Amino acid sequence: IEDWTGKGLGDLSVHRRIVTPVDPHVTFHDDPLRVLRAIRFAVRLDFELDETIMEAARSNRVHHSLHVKVSRERVGKELEGMLSGKHARPAVALNMIADLHLAGSVFCFPGSFPGDVGADKPGEGEEEGGPVVSGNILGVEYNCGLGSGGADAEKLASRQRARGWEESSALLSLLPELMEGHAGERVLLQSLPPTVNNTRLLHLCVFILPFHNLSFPDKKGTRTISVTAHMMKEALKFPQRDVQAVSKILSNVDEMAAILSEIRSQLLQREAQEEGEAPIEITPPCRMRTGLLLRSLKEHWVTCLLTAAAWENRSHKRLDDGDLESFVRT
């Protein structure tokens with residue numbers, strides 16, 4: 001191997017960083033998939049991204065090129081290389097994608113690229129020419145008509161999506177703590193088959209969780225499609241079994257989080273008791289309610305439980321910190 005740049009060996013063996021041989025703005029525009037490949041190499045090899053790569057990766061031009069110039073199958077394949085296999089670190093990879101503002105170009109909303117359900121104008125930016133997405137992000141109403149006009153509505157919707165991706169990173173940061181809190185069950189979890197203890201699906205579910213209450217109508221207007229299912233099926237072209245698993249988990253996550261929240265409420269009430277008072281008896285969740293939930297989730301109950309625990313923890317923290325009120329004002 002010849003080092004034509006004169007810097008390659010130093011970058012590899014001394015600095016341990018990913019660098020492009022030419023201007024990253026140029027090379028990423030020529031083939032936008034290279035920005036995802038740079039992330040994959042950095043994650044799997046435990047390298048750092050050069051500052052020039054990070055600057056280029058955050059540019060709107062690269063984001064647009066990744067939207068319109070790369071097939072979704074190739075995007076999904078690169079992401080899969082970050083989530084599974086030897087030396088995979090899904091949390092690091094997804095955090096890097098969010099930090100570089102690439103999440104919206106990887107996990108695209110409906111209407112983002114040619115062939116989308118309801119898309120009338122191929123190659124347009126997010127939302128434009130696409131179906132009306134409605135629902136809420138972090139409890140705040142979201143739809144394409146928010147704001148006083150077309151441009152204003154899109155700016156507001158864009159800020160809401162950006163806030164959602166920020167929340168995605170915050171949710172991912174809770175997973176190590178949650179797993180540490182269940183240290184006693186680790187041996188059991190590790191002994192379960194991959195379909196039950198699926199780390200790959202867990203990180204995907206937690207990352208797109210802020211958008212699980214968004215949906216849009218199909219072409220005929222006869223049924224609604226969840227945005228998270230669209231991300232898995234159309235934006236990433238992941239297998240149907242993954243689409244179904246993520247849809248099942250996220251459609252039940254609010255019910256699971258509600259059960260956890262009720263347990264938290266009882267524990268907080270007991271902690272607030274005055275000394276000497278008879279301790280409040282903790283009432284376990286309704287067995288029928290819990291049983292029906294587990295029956296619906298089948299082998300995905302562990303992934304849903306951990307996803308719901310992250311969601312419930314963050315919801316509690318947002319209320320304590322007043323983050324929701326701040327989000328509404330923006």
# chains A, B, ... in the order shown; residues from 1 in each chain; ligands from 1
>>> residues_around(residues="Arg40 in chain A", least_positions_apart="6", cutoff="9 Å", atoms="only C-alpha atoms", output="list of chain:residue names")
A:Glu78, A:Leu79, A:Gly81, A:Met82, A:Ala88, A:Ala93
>>> residues_around(residues="Arg58 in chain A", least_positions_apart="3", cutoff="8 Å", atoms="only C-alpha atoms", output="ChimeraX atom specification")
/A:54-55,62-63,100-102
>>> select_by_dssp(residues="range 147-304 of chain A", states="strand (DSSP E or B)", output="list in words")
Leu214, Ser215, Phe216, Pro217, Thr224, Ile225 and Ser226 of chain A
>>> atom_distance(atom1="CA of Ile39 in chain A", atom2="CA of Phe207 in chain A")
16.7 Å
>>> residues_around(residues="Leu294 in chain A", least_positions_apart="2", cutoff="12 Å", atoms="only C-alpha atoms", output="PDB file with N, CA, C and O atoms, in the first residue's frame")
ATOM      1  N   LYS A 248     -44.807  -3.096  16.361  1.00  0.00           N
ATOM      2  CA  LYS A 248     -45.427  -3.746  17.522  1.00  0.00           C
ATOM      3  C   LYS A 248     -44.920  -3.134  18.833  1.00  0.00           C
ATOM      4  O   LYS A 248     -45.697  -2.844  19.752  1.00  0.00           O
ATOM      5  N   ILE A 249     -43.616  -2.927  18.916  1.00  0.00           N
ATOM      6  CA  ILE A 249     -43.026  -2.373  20.138  1.00  0.00           C
ATOM      7  C   ILE A 249     -43.513  -0.950  20.390  1.00  0.00           C
ATOM      8  O   ILE A 249     -43.949  -0.603  21.500  1.00  0.00           O
ATOM      9  N   ASN A 252     -47.127  -0.305  21.521  1.00  0.00           N
ATOM     10  CA  ASN A 252     -47.431  -0.707  22.899  1.00  0.00           C
ATOM     11  C   ASN A 252     -46.599   0.029  23.948  1.00  0.00           C
ATOM     12  O   ASN A 252     -46.790  -0.185  25.148  1.00  0.00           O
ATOM     13  N   VAL A 253     -45.681   0.876  23.501  1.00  0.00           N
ATOM     14  CA  VAL A 253     -44.734   1.488  24.435  1.00  0.00           C
ATOM     15  C   VAL A 253     -45.428   2.454  25.400  1.00  0.00           C
ATOM     16  O   VAL A 253     -45.045   2.562  26.572  1.00  0.00           O
ATOM     17  N   GLU A 255     -48.476   2.221  26.657  1.00  0.00           N
ATOM     18  CA  GLU A 255     -49.151   1.427  27.691  1.00  0.00           C
ATOM     19  C   GLU A 255     -48.140   0.884  28.703  1.00  0.00           C
ATOM     20  O   GLU A 255     -48.378   0.919  29.920  1.00  0.00           O
ATOM     21  N   MET A 256     -46.997   0.417  28.207  1.00  0.00           N
ATOM     22  CA  MET A 256     -45.962  -0.088  29.103  1.00  0.00           C
ATOM     23  C   MET A 256     -45.413   1.045  29.968  1.00  0.00           C
ATOM     24  O   MET A 256     -45.185   0.871  31.182  1.00  0.00           O
ATOM     25  N   ARG A 287     -52.990  -7.665  36.811  1.00  0.00           N
ATOM     26  CA  ARG A 287     -52.414  -8.835  36.142  1.00  0.00           C
ATOM     27  C   ARG A 287     -53.001  -9.030  34.750  1.00  0.00           C
ATOM     28  O   ARG A 287     -52.289  -9.408  33.813  1.00  0.00           O
ATOM     29  N   MET A 288     -54.306  -8.770  34.601  1.00  0.00           N
ATOM     30  CA  MET A 288     -54.916  -8.943  33.288  1.00  0.00           C
ATOM     31  C   MET A 288     -54.373  -7.921  32.302  1.00  0.00           C
ATOM     32  O   MET A 288     -54.048  -8.250  31.153  1.00  0.00           O
ATOM     33  N   ARG A 289     -54.256  -6.672  32.760  1.00  0.00           N
ATOM     34  CA  ARG A 289     -53.730  -5.610  31.893  1.00  0.00           C
ATOM     35  C   ARG A 289     -52.309  -5.928  31.444  1.00  0.00           C
ATOM     36  O   ARG A 289     -51.977  -5.832  30.264  1.00  0.00           O
ATOM     37  N   THR A 290     -51.475  -6.331  32.405  1.00  0.00           N
ATOM     38  CA  THR A 290     -50.085  -6.656  32.083  1.00  0.00           C
ATOM     39  C   THR A 290     -50.005  -7.907  31.216  1.00  0.00           C
ATOM     40  O   THR A 290     -49.216  -7.961  30.264  1.00  0.00           O
ATOM     41  N   GLY A 291     -50.823  -8.894  31.534  1.00  0.00           N
ATOM     42  CA  GLY A 291     -50.794 -10.137  30.762  1.00  0.00           C
ATOM     43  C   GLY A 291     -51.190  -9.931  29.315  1.00  0.00           C
ATOM     44  O   GLY A 291     -50.578 -10.496  28.407  1.00  0.00           O
ATOM     45  N   LEU A 292     -52.226  -9.116  29.085  1.00  0.00           N
ATOM     46  CA  LEU A 292     -52.648  -8.835  27.711  1.00  0.00           C
ATOM     47  C   LEU A 292     -51.565  -8.074  26.947  1.00  0.00           C
ATOM     48  O   LEU A 292     -51.365  -8.303  25.752  1.00  0.00           O
ATOM     49  N   SER A 296     -49.601  -9.476  23.668  1.00  0.00           N
ATOM     50  CA  SER A 296     -49.549  -8.748  22.408  1.00  0.00           C
ATOM     51  C   SER A 296     -48.119  -8.603  21.903  1.00  0.00           C
ATOM     52  O   SER A 296     -47.844  -8.723  20.705  1.00  0.00           O
ATOM     53  N   LEU A 297     -47.189  -8.362  22.835  1.00  0.00           N
ATOM     54  CA  LEU A 297     -45.785  -8.127  22.455  1.00  0.00           C
ATOM     55  C   LEU A 297     -45.038  -9.412  22.115  1.00  0.00           C
ATOM     56  O   LEU A 297     -44.064  -9.393  21.364  1.00  0.00           O
ATOM     57  N   LYS A 298     -45.454 -10.515  22.711  1.00  0.00           N
ATOM     58  CA  LYS A 298     -44.800 -11.809  22.499  1.00  0.00           C
ATOM     59  C   LYS A 298     -43.303 -11.699  22.797  1.00  0.00           C
ATOM     60  O   LYS A 298     -42.915 -11.253  23.860  1.00  0.00           O
ATOM     61  N   GLU A 299     -42.453 -12.093  21.837  1.00  0.00           N
ATOM     62  CA  GLU A 299     -41.017 -12.151  22.113  1.00  0.00           C
ATOM     63  C   GLU A 299     -40.365 -10.770  22.223  1.00  0.00           C
ATOM     64  O   GLU A 299     -39.190 -10.662  22.594  1.00  0.00           O
ATOM     65  N   HIS A 300     -41.115  -9.702  21.921  1.00  0.00           N
ATOM     66  CA  HIS A 300     -40.543  -8.353  21.953  1.00  0.00           C
ATOM     67  C   HIS A 300     -40.795  -7.632  23.277  1.00  0.00           C
ATOM     68  O   HIS A 300     -40.549  -6.427  23.381  1.00  0.00           O
ATOM     69  N   TRP A 301     -41.247  -8.361  24.294  1.00  0.00           N
ATOM     70  CA  TRP A 301     -41.607  -7.684  25.542  1.00  0.00           C
ATOM     71  C   TRP A 301     -40.410  -7.062  26.246  1.00  0.00           C
ATOM     72  O   TRP A 301     -40.524  -5.988  26.858  1.00  0.00           O
ATOM     73  N   VAL A 302     -39.249  -7.710  26.172  1.00  0.00           N
ATOM     74  CA  VAL A 302     -38.059  -7.154  26.842  1.00  0.00           C
ATOM     75  C   VAL A 302     -37.650  -5.839  26.181  1.00  0.00           C
ATOM     76  O   VAL A 302     -37.374  -4.838  26.856  1.00  0.00           O
ATOM     77  N   THR A 303     -37.622  -5.823  24.851  1.00  0.00           N
ATOM     78  CA  THR A 303     -37.251  -4.605  24.124  1.00  0.00           C
ATOM     79  C   THR A 303     -38.248  -3.486  24.413  1.00  0.00           C
ATOM     80  O   THR A 303     -37.856  -2.327  24.614  1.00  0.00           O
ATOM     81  N   CYS A 304     -39.528  -3.819  24.448  1.00  0.00           N
ATOM     82  CA  CYS A 304     -40.549  -2.812  24.744  1.00  0.00           C
ATOM     83  C   CYS A 304     -40.409  -2.290  26.175  1.00  0.00           C
ATOM     84  O   CYS A 304     -40.554  -1.086  26.424  1.00  0.00           O
ATOM     85  N   LEU A 305     -40.122  -3.177  27.118  1.00  0.00           N
ATOM     86  CA  LEU A 305     -39.971  -2.767  28.519  1.00  0.00           C
ATOM     87  C   LEU A 305     -38.827  -1.770  28.672  1.00  0.00           C
ATOM     88  O   LEU A 305     -38.976  -0.725  29.326  1.00  0.00           O
TER      89      LEU A 305
END
>>> residues_around(residues="range 28-31 of chain A", least_positions_apart="5", cutoff="12 Å", atoms="only C-alpha atoms", output="VMD selection string")
chain A and resid 20 to 23 36 to 38 52 to 71 74 to 75
>>> select_by_dssp(residues="range 202-245 of chain A", states="helix (DSSP H, G or I)", output="compact mmCIF listing (two decimals) with C-alpha atoms, in the first residue's frame")
# COMPACT_ATOMS: atom_id res chain seq x y z
CA LEU A 202 -33.73 -1.69 21.13
CA HIS A 203 -31.46 1.12 19.94
CA LEU A 204 -33.53 1.69 16.80
CA CYS A 205 -36.76 1.88 18.80
CA VAL A 206 -35.32 4.27 21.36
CA PHE A 207 -33.81 6.50 18.67
CA ILE A 208 -37.04 6.99 16.69
CA LEU A 209 -39.25 6.95 19.79
CA PRO A 210 -39.95 10.74 19.85
CA PHE A 211 -41.83 10.32 16.55
CA VAL A 227 -44.08 7.68 10.57
CA THR A 228 -41.80 5.25 12.41
CA ALA A 229 -43.00 2.35 10.25
CA HIS A 230 -42.33 4.50 7.18
CA MET A 231 -38.80 5.20 8.42
CA MET A 232 -38.09 1.49 8.74
CA LYS A 233 -39.81 0.34 5.55
CA GLU A 234 -39.25 3.13 3.04
CA ALA A 235 -36.40 5.28 4.39
CA GLN A 240 -40.50 -6.65 6.85
CA ARG A 241 -39.85 -8.56 10.09
CA ASP A 242 -38.01 -5.50 11.46
CA VAL A 243 -40.81 -3.18 10.36
CA GLN A 244 -43.38 -5.37 12.09
CA ALA A 245 -41.29 -5.74 15.25
>>> residues_around(residues="Leu45 in chain A", least_positions_apart="4", cutoff="9 Å", atoms="only C-alpha atoms", output="list in words")
Arg16, Arg40, Phe41 and His87 of chain A
>>> atom_distance(atom1="CA of Ala162 in chain A", atom2="CA of Gly76 in chain A")
21.0 Å
>>> closest_residue(among="A:Glu48, A:Arg72, A:Leu306, A:Val26", to="Pro176 in chain A", atoms="only C-alpha atoms")
A:Leu306
>>> atom_distance(atom1="CA of Leu201 in chain A", atom2="CA of Leu260 in chain A")
20.8 Å
>>> closest_residue(among="A:Ala257, A:Val140, A:Val106, A:Leu171", to="Leu156 in chain A", atoms="only C-alpha atoms")
A:Val140
